[in-house]
Structure formats: C-alpha cells, structure tokens
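Q: Dumping the structure here so I can ask a few things about it.
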Amino acid sequence: MNINLFKNLIPILAKNFIFFLILFFVSRLVFVWSYGNSEELLPNFADVIAAFVMGMRFDVSVICYGFLPVLLVAFIGLFIPQKRSLGYFRFFGYFAKYYLLLPLLVFLSLLLIDYFFYQFFQSHINVLFFGIFKDDTTAVLDSVWKDYPIFSILLIYTVTIGLYFALSNRIIKKGMQRFSIRKPSKASWLYLFVLPLFFIGLRGSVGLFTLRRDHTNVSTVAFINALSYNGIFALKFAKSELNTNSFAADLNAELVANQFDNLAEAYRDYRPQAIDSFDNDFISKTAQNEFLEKNPPNVVFIMMESMSYHYFQLHSKELNLLGDLEAELPYLYQFNHALSSFNGTIYSLENLTINTPKNIISQSEYFDVNYSGAVAKPYKEKGYQTYFLSGANTSWRNVDNFLLNQYFDTLQGKAHILKQYPDAEEFAWGAHDEYLFDYIEDKLKEDSKKPKFIFALTISNHTPYEIPKHHKSYPIHLSDSLKSAIRIDEQLAYDNFAAHQYAASQLAKLIRDIRNSPLGKNTIIVATGDHNIRQVFEYNEETSFLKRSVPILMYIPEAYKPTFYDKNILAAHKDIFPTLFNLSLSDQKYVYSGDNLFSAKKGYRFAVNEYNYMADSIGAISYDNNKMYYYQWTDKKRQKLKVADAASEHALFMNKKFKSYKMLQTAKIYKDIERHGQK
C-alpha cells in the first residue's frame with residue numbers, strides 16, 4: 001500500500017475541510033449577530049456554547065458528505081504505484097480544487113437561502129420552502145429581486161469563491177514543495193484513522209443514533225435551539241416533514257399516534273367545558289331564529305394578507321399603520337387576543353375554508369373531496385349565492401379546482417377584476433386590494449333575491465410591498481427605538497408598514513361604504529389576517545403569542561348585533577365561522593371547529609396556531625419535535641409569557657384538550673376522504 005502518497009494527500013483534504021468548517025462557523029456567527037437578542041442570549045450563554053458545539057457536529061456531517069468523493073480518490077491513492085505518486089498527487093490536488101467548488105456553491109447557496117428564510121419567517125427552512133416552487137414563479141422572483149440585496153449576495157459569492165481558489169492554489173503549491181517519496185515511518189500508518197473518523201463525521205455521533213432533529217433541543221430558548229443546526233439539515237428536516245405530511249388518511253393510525261383507543265375517548269376528553277354543543281359526528285346546529293329566516297344577511301369574510309395585531313399595537317399618529325381603519329374601529333367588534341390557524345397563506349386559507357389540520361390538501365390527491373366542514377356549505381344549503389373572490393390568480397396552488405369542490409358557486413380573481421376595471425393597478429401577485437373591494441361592492445349590489453356569502457382573499461400587503469402610485473399615505477415615522485428593534489433593512493420595513501397601512505385603509509373604505517349605504521342594514525363583514533408578519537420584528541418565548549397574533553374585526557348591522565361581547569376573550573380562526581353561522585343562519589347544521597365568540601355561556605376558550613401551539617387564559621403550550629413546552633402569562637393583559645413547568649396540572653390539562661381537539665378535526669377530514677373514496 002502506498003501509505004506515503006496517502007499521507008501526502010490527506011493534508012489537502014484536511015485544509016479544504018477546515019475552510020468549509022470556517023465558512024459554516026462564520027455563517028452561524030452572522031446568524032447570531034443578525035437575529036440574536038443579547039437579553040436572551042447572555043443569561044443562557046452556556047446554552048449558546050452548547051448550540052455552537054452541536055452546530056459544529058451538524059456542520060461536520062454535512063461537509064463529510066460533500067467530501068466523500070475526495071476521500072474516495074485519496075483512498076485510491078493507497079493502491080497507486082510509487083513511481084506514479086507525484087503525478088497522482090498533482091491530479092488529486094486539481095480534482096479536489098475543482099470538484100469541491102460544487103459542494104461549496106451548494107452549501108453557500110443553502111446557507112444564504114436559510115438566512116433570508118429566517119429573516120422572513122423567523123424559522124429555519126421549513127415546509128413552507130417547498131411551496132415556493134408551487135407559487136407564481138414570476139412573482140416570487142420579482143419579490144426576491146426587489147426585497148433582497150442581490151448585489152451583496154453576489155459579492156458574498158465572489159469573495160467566498162475567490163478565497164477558496166486562493167487557498168486551493170496555495171495548498172497545491174505548498175503540497176508540491178513538501179511532497180516526499182521517502183520510506184514511510186510506522187507513524188504514517190496512523191493516517192488510516194482518517195477513514196473511521198470520517199465515518200463518525202458522517203454520522204455526527206458515536207452513539208446509537210445518527211444526528212437527527214432531537215439533537216437540536218439544547219435549550220429552553222427557541223432561538224438558541226435554532227443555532228444548533230444549519231440550513232442544509234433544516235432542508236433535510238423540512239423534506240422529511242413534507243413526506244410525513246403526505247398523509248394516507250388512516251384514522252386508526254392517527255388514533256394510535258395521538259394515544260387514543262377510539263374516537264369516543266377523544267370526545268370524552270374534549271367535550272367537558274366546551275361552549276358550543278355538538279353531536280358524536282362533530283356536528284353543531286344554530287338556534288332557530290324567525291328573524292334570520294325572513295331576513296338572511298349578506299356575509300362577507302375577508303382574509304387580509306399579513307394583517308398583524310402587533311401592528312395594531314404599534315399604531316400611532318407618527319407611525320401610522322392603520323390609515324383610515326382607525327376611524328372605523330369604533331363601529332367594529334374587535335377581538336384583541338386572537339391567533340391565526342397557520343403561519344402561511346395557503347395553510348390558513350385551507351383551514352378557514354374546510355377546517356383542516358392537514359395541509360396542503362389543494363395540491364394533494366384529496367383536492368376534489370367535498371368536505372363536510374366546508375364553510376360555504378351551510379350558506380349554500382340555506383340558498384345563498386357563494387363566492388370566492390381574490391385579487392390574485394385563482395389557479396394559484398390549485399385553489400380554483402380545490403374550492404370548486406367546496407360549495408362555492410363562483411370563483412373569480414385577477415382576470416375578472418382587470419376586465420371590469422381596465423385601469424386597475426396590479427403588481428407581481430395580482431390586482432391591488434382597492435379594486436378587489438370595489439368588485440365585492442359591485443357583487444353585493446347586483447340585483448338578486450338571494451343573499452350572498454363572499455369569501456375574499458387580499459394580496460397587497462405581500463412582498464415586494466408595492467402599493468398603487470396614486471395612494472396618499474399617512475405619515476410613517478420610524479423612531480430610533482423602533483429602528484433598533486427592526487431586524488431587516490429599514491427601507492424594506494418602511495415599505496411593509498406602508499403596504500399594511502394601504503391595505504387597512506382600503507378595508508376601512510369598504511366597511512365605510514357599505515355601512516353608509518342600504519347594504520349596511522343587512523351585510524355582515526368580518527376581516528382577519530391570514531398570519532402575522534414575522535419578517536420585521538424579532539420574537540421570543542415571551543412574545544410567542546404576539547408572534548402568531550392577528551386581529552379579528554367584525555362589522556355587524558344593528559338588527560343582527562349580539563347581546564354579549566368581550567373583546568378580551570381568547571379567539572382564533574377556528575372560532576370565526578361558528579360565530580358567523582350563529583349570527584346569520586337559523587336552525588342550520590355545521591361542522592364544529594370552534595366556539596361562538598358572542599356566546600355568554602361559560603366554558604373553556606382557547607386558541608390554536610399551526611396545531612403545535614395552544615393558548616388559554618392561564619398560559620400556552622407549544623410542541624417541538626414531540627416535546628411539549630409550557631408557559632404562563634406574566635400579566636393580566638396577557639402580553640408576555642414565561643417558561644413554566646410542563647408537568648404541571650394545567651399544562652397536562654391543555655395537552656389533553658389540544659390532542660383531543662386535533663384528533664376530532666382530523667377524524668372529520670379522514671371520514672370525508674373515506675366517504676369520497678367509496679363513491
């Protein structure tokens with residue numbers, strides 16, 4: 001064996017390996033510098049060190065996979081004749097130099113993508129990443145070009161590649177100068193230990209298990225846990241999660257996974273303290289109401305792109321984030337403690353239209369199932385005309401084919417709006433909100449004896465945050481304290497604030513126009529955000545509720561107003577349509593998803609987000625890789641949370657309620673799929 005040649009080859013591999021390791025280390029330092037909070041990190045400095053050590057294990061594993069072909073070529077060197085050693089050494093140097101450029105570009109690209117993904121979503125790459133390839137590709141590229149520092153990114157590529165080639169050339173040159181064909185010493189055989197060390201590096205562990213998601217839990221602080229792995233493993237975890245979420249609609253498997261013997265057990269766990277009643281098929285029913293039977297109201301539900309309750313809190317005359325909506329708030333019912341169902345538009349859209357914990361159904365084999373929980377179904381059964389309207393293309397994410405099976409009579413989007421308003425301004429994602437709202441008004445005014453149910457989706461408050469040129473914005477002044485709190489480019493934050501203000505103003509105009517017209521006497525309008533904006537501000541465990549919070553706003557005409565109202569109760573997307581059904585429909589069945597927000601009945605209210613986070617009046621629980629965390633409110637206004645004992649009685653009570661709620665929702669979806677398959 002030509003151990004001497006192998007001994008000369010290993011330094012080339014090792015020095016390049018160190019360069020890659022430094023690249024990953026620097027990326028983690030930049031990550032901390034950009035997104036870390038010293039008040040959170042310094043008291044947990046030991047955890048930060050542990051996260052960096054764990055992160056290095058993940059980095060080494062990734063690099064080892066990238067270096068496998070180089071190690072293989074080095075291993076072949078053991079069998080090269082002595083007389084060809086110098087030639088093979090020269091070949092190996094240039095092979096390593098040019099081959100390693102490929103993993104370098106792949107790793108650097110994924111690290112950069114992960115960095116900016118975290119900036120937008122406050123999370124490493126997750127399943128939302130795969131949705132990018134199913135979105136409007138042109139719009140996505142337009143957003144990337146306008147929202148991200150393309151030239152800075154190109155500079156990073158240039159500098160990194162330049163340093164890499166400079167180092168590679170130096171390594172080859174020095175190696176040639178020091179190349180030796182002397183008889184190997186006994187110590188030279190120790191270089192063979194590189195092979196088992198490399199194998200350990202691939203696994204990232206000497207224990208029973210290779211590196212996996214469990215290893216990332218090094219702290220009770222979510223951000224520190226995020227430091228413990230890299231963008232490449234984040235993509236691997238996300239792909240695994242995506243495959244996991246490709247569900248088989250197996251009810252028995254779901255019962256086992258959630259530790260239930262049968263559905264009856266889930267009903268027993270959930271039913272106590274439930275506010276609204278439901279039968280053993282998860283069906284609720286509105287009260288009989290003679291007035292509603294004779295005077296069915298129009299119902300308009302609007303899912304506002306990225307409308308954030310945090311921005312409602314930040315709003316002021318100097319930092320005007322609500323525009324004309326501020327003047328409309330006295331006319332509205334407003335719930336101040338509400339969570340979105342999910343943290344992505346398509347996920348929240350599906351949850352609000354069919355009450356599903358499972359996503360993404362619209363692009364799955366189950367897109368054509370008529371789901372019994374479809375919110376248009378009760379209105380359709382009561383003789384309503386049902387519409388889905390949006391400023392976007394309705395073909396986005398296969399939404400059109402999906403919703404046509406969910407009891408909507410009419411689906412209309414950007415093309416219809418531009419046809420009706422040829423001068424309408426549009427941007428990458430479609431027609432701006434003001435034209436969608438004009439379109440909604442026109443639909444409501446159309447002469448018809450049938451009442452209308454309209455589900456609308458807005459898009460203006462979406463990157464690249466371009467608002468119509470004719471719109472006159474209110475002042476948006478960024479104080480020094482606000483500037484220090486912003487985690488993105490100041491101009492991008494300003495553009496986002498302006499887009500939020502624009503969207504809020506256009507919503508206000510729609511409400512005002514209807515309120516001051518004959519339609520105001522029999523049209524209910526409800527608006528909420530599809531998710532909070534996570535791009536601009538940093539959130540932690542203390543503010544985890546605010547991170548997920550959205551407003552729920554309701555305009556209700558005098559004749560339909562409820563007798564009970566508490567703006568401070570816990571609410572969520574799950575409660576919106578049960579509330580609307582009870583406000584607008586008489587003696588009508590619907591699938592239970594949540595509770596009537598205007599019910600005076602005492603009971604247990606809670607909010608759910610992503611089906612991995614739940615909050616009530618006492619605290620919140622969250623799940624990360626099947627591990628439950630528990631937090632308690634630190635103040636009566638429920639603004640901040642603190643870490644508490646996950647084994648406490650209330651934490652276990654919340655866990656039981658959450659699992660049974662999720663199980664019953666999932667069972668309803670699975671039964672619909674099974675029924676569809678039997679047709």
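Chain labels follow the order of the structure tokens: the first chain is A, the next B, and so on; residue numbering restarts at 1 in every chain, and ligands are counted from 1 in their shown order.
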Please provide the set of residues having any atom within 8 Å of Ser549 in chain A, restricted to only C-alpha atoms, with same-chain residues fewer than 6 positions apart removed, written as JSON, numbers by chain.

A: {"A": [308, 309, 310, 337, 338, 339, 340, 531, 532]}

Q: Run DSSP on the backbone and grab whatever in range 50-291 of chain A lands in alpha helix (DSSP H); send it over as a ChimeraX atom specification.

A: /A:50-76,85-99,101-121,128-131,137-147,150-178,194-203,222-227,231-244,251-257,263-270,290-291

Q: Given only C-alpha atoms as the basis, pick out the residue of A:Asn609, A:Gln334, A:Gln412, A:Thr458 nearest to Met307 in chain A.

A: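 Ranked by minimum distance to Met307 in chain A, first place goes to A:Thr458.
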
Q: I'd like the neighbourhood of range 205-222 of chain A as a ChimeraX atom specification, where a residue qualifies if any of its atoms comes within 7 Å (using only C-alpha atoms), though same-chain residues fewer than 4 positions away should be ignored.

A: /A:47,50-51,200,226,228-229,541,625

Q: Go ahead and write the residues just picked, C-alpha atoms, as a CSV table (one decimal), in the first residue's frame.

A:
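Generated output (selection-v6.csv):
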chain,number,residue,atom,x,y,z
A,47,ASP,CA,-26.6,27.0,26.2
A,50,ALA,CA,-23.7,24.1,23.6
A,51,ALA,CA,-25.6,25.1,20.5
A,200,ILE,CA,-18.0,9.2,12.6
A,226,ALA,CA,-32.1,27.3,16.1
A,228,SER,CA,-27.7,24.2,16.8
A,229,TYR,CA,-28.1,23.2,13.2
A,541,GLU,CA,-40.8,32.8,24.1
A,625,ASN,CA,-40.2,17.5,17.9

Q: Using only C-alpha atoms, can you tell me which of A:Thr356, A:Ser617, A:Asn398, A:Gln363 comes closest to Trp633 in chain A?

A: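 Of A:Thr356, A:Ser617, A:Asn398, A:Gln363, the one nearest Trp633 in chain A, counting only C-alpha atoms, is A:Ser617.
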
Q: Neighbours of Gln535 in chain A within 7 Å (only C-alpha atoms; same-chain residues fewer than 3 positions away dropped), as a PDB file with N, CA and C atoms, in the first residue's frame?

A:
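Written out: part.pdb:
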ATOM      1  N   GLN A 119     -35.126  35.386   8.123  1.00  0.00           N
ATOM      2  CA  GLN A 119     -35.478  36.809   8.205  1.00  0.00           C
ATOM      3  C   GLN A 119     -36.968  37.018   7.977  1.00  0.00           C
ATOM      4  N   PHE A 120     -37.534  36.248   7.070  1.00  0.00           N
ATOM      5  CA  PHE A 120     -38.947  36.416   6.715  1.00  0.00           C
ATOM      6  C   PHE A 120     -39.862  35.636   7.659  1.00  0.00           C
ATOM      7  N   PHE A 121     -39.495  34.379   7.969  1.00  0.00           N
ATOM      8  CA  PHE A 121     -40.408  33.504   8.713  1.00  0.00           C
ATOM      9  C   PHE A 121     -40.016  33.284  10.173  1.00  0.00           C
ATOM     10  N   GLN A 122     -38.825  33.822  10.595  1.00  0.00           N
ATOM     11  CA  GLN A 122     -38.314  33.562  11.943  1.00  0.00           C
ATOM     12  C   GLN A 122     -38.232  32.066  12.199  1.00  0.00           C
TER      13      GLN A 122
END

Q: Figure out the distance between CA of Pro11 in chain A and CA of Lys174 in chain A, please, to one decimal in Å.

A: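 Interatomic distance here is 10.4 Å.
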
Q: Counting only C-alpha atoms, which residue out of A:Ile153, A:Ile618, A:Leu195, A:Ala456 sits closest to Thr410 in chain A?

A: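 Answer, going by the shortest atom-to-atom distance: A:Ala456.
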
Q: Can you work out which one of A:Phe79, A:Phe6, A:Phe598, A:Phe67 has the shortest atom-to-atom distance to Tyr99 in chain A, counting only C-alpha atoms?

A: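 Looking at the shortest contact to Tyr99 in chain A, the residue is A:Phe67.
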
Q: Looking at only C-alpha atoms, which of A:Asn16, A:Asn4, A:Ser123, A:Asn612 is the one that sits closest to Ser85 in chain A?

A: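 Smallest separation from Ser85 in chain A among the options: A:Asn4.
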
Q: Nearest to Tyr611 in chain A among A:Asn516, A:Asn355, A:Gln588, A:Asn320, with distances taken over only C-alpha atoms: which residue is it?

A: A:Asn355

Q: List as a PyMOL selection string the protein and nucleic acid residues near Ser390 in chain A, meaning an atom at most 10 Å away when only C-alpha atoms are counted, but skip any in the same chain fewer than 2 places from it.

A: chain A and resi 302-303+387-388+392-394+411-417+430-433+435-437+439-440+455-459

Q: Let me see the file: selected residues, C-alpha atoms, as a PDB file, in the first residue's frame.

A:
ATOM      1  CA  ILE A 302     -62.076  38.830   4.168  1.00  0.00           C
ATOM      2  CA  MET A 303     -58.742  37.141   4.769  1.00  0.00           C
ATOM      3  CA  TYR A 387     -68.396  33.416  -3.988  1.00  0.00           C
ATOM      4  CA  PHE A 388     -64.654  33.156  -3.609  1.00  0.00           C
ATOM      5  CA  ALA A 392     -54.682  37.006  -7.215  1.00  0.00           C
ATOM      6  CA  ASN A 393     -54.870  34.326  -9.861  1.00  0.00           C
ATOM      7  CA  THR A 394     -57.359  31.731  -8.635  1.00  0.00           C
ATOM      8  CA  LEU A 411     -64.544  31.724  -8.191  1.00  0.00           C
ATOM      9  CA  GLN A 412     -63.171  34.950  -9.617  1.00  0.00           C
ATOM     10  CA  GLY A 413     -59.763  36.582  -9.393  1.00  0.00           C
ATOM     11  CA  LYS A 414     -57.348  38.953 -11.038  1.00  0.00           C
ATOM     12  CA  ALA A 415     -58.558  38.384 -14.614  1.00  0.00           C
ATOM     13  CA  HIS A 416     -62.179  39.205 -13.739  1.00  0.00           C
ATOM     14  CA  ILE A 417     -61.196  42.307 -11.791  1.00  0.00           C
ATOM     15  CA  GLY A 430     -52.253  40.465  -8.938  1.00  0.00           C
ATOM     16  CA  ALA A 431     -54.738  43.341  -8.666  1.00  0.00           C
ATOM     17  CA  HIS A 432     -54.493  45.599  -5.642  1.00  0.00           C
ATOM     18  CA  ASP A 433     -56.927  45.426  -2.732  1.00  0.00           C
ATOM     19  CA  TYR A 435     -60.100  47.003  -6.827  1.00  0.00           C
ATOM     20  CA  LEU A 436     -60.967  43.715  -5.130  1.00  0.00           C
ATOM     21  CA  PHE A 437     -63.071  45.633  -2.605  1.00  0.00           C
ATOM     22  CA  TYR A 439     -65.526  44.275  -7.027  1.00  0.00           C
ATOM     23  CA  ILE A 440     -67.029  42.939  -3.796  1.00  0.00           C
ATOM     24  CA  PHE A 455     -65.013  34.680   0.961  1.00  0.00           C
ATOM     25  CA  ALA A 456     -62.314  37.114  -0.158  1.00  0.00           C
ATOM     26  CA  LEU A 457     -58.512  36.937  -0.152  1.00  0.00           C
ATOM     27  CA  THR A 458     -56.404  40.106  -0.427  1.00  0.00           C
ATOM     28  CA  ILE A 459     -52.798  40.312  -1.625  1.00  0.00           C
TER      29      ILE A 459
END

Q: Quick one: residues within 7 Å of range 571-576 of chain A, only C-alpha atoms, excluding same-chain residues fewer than 6 positions away - as number ranges by chain?

A: A: 337-341, 352, 593-597, 606-608
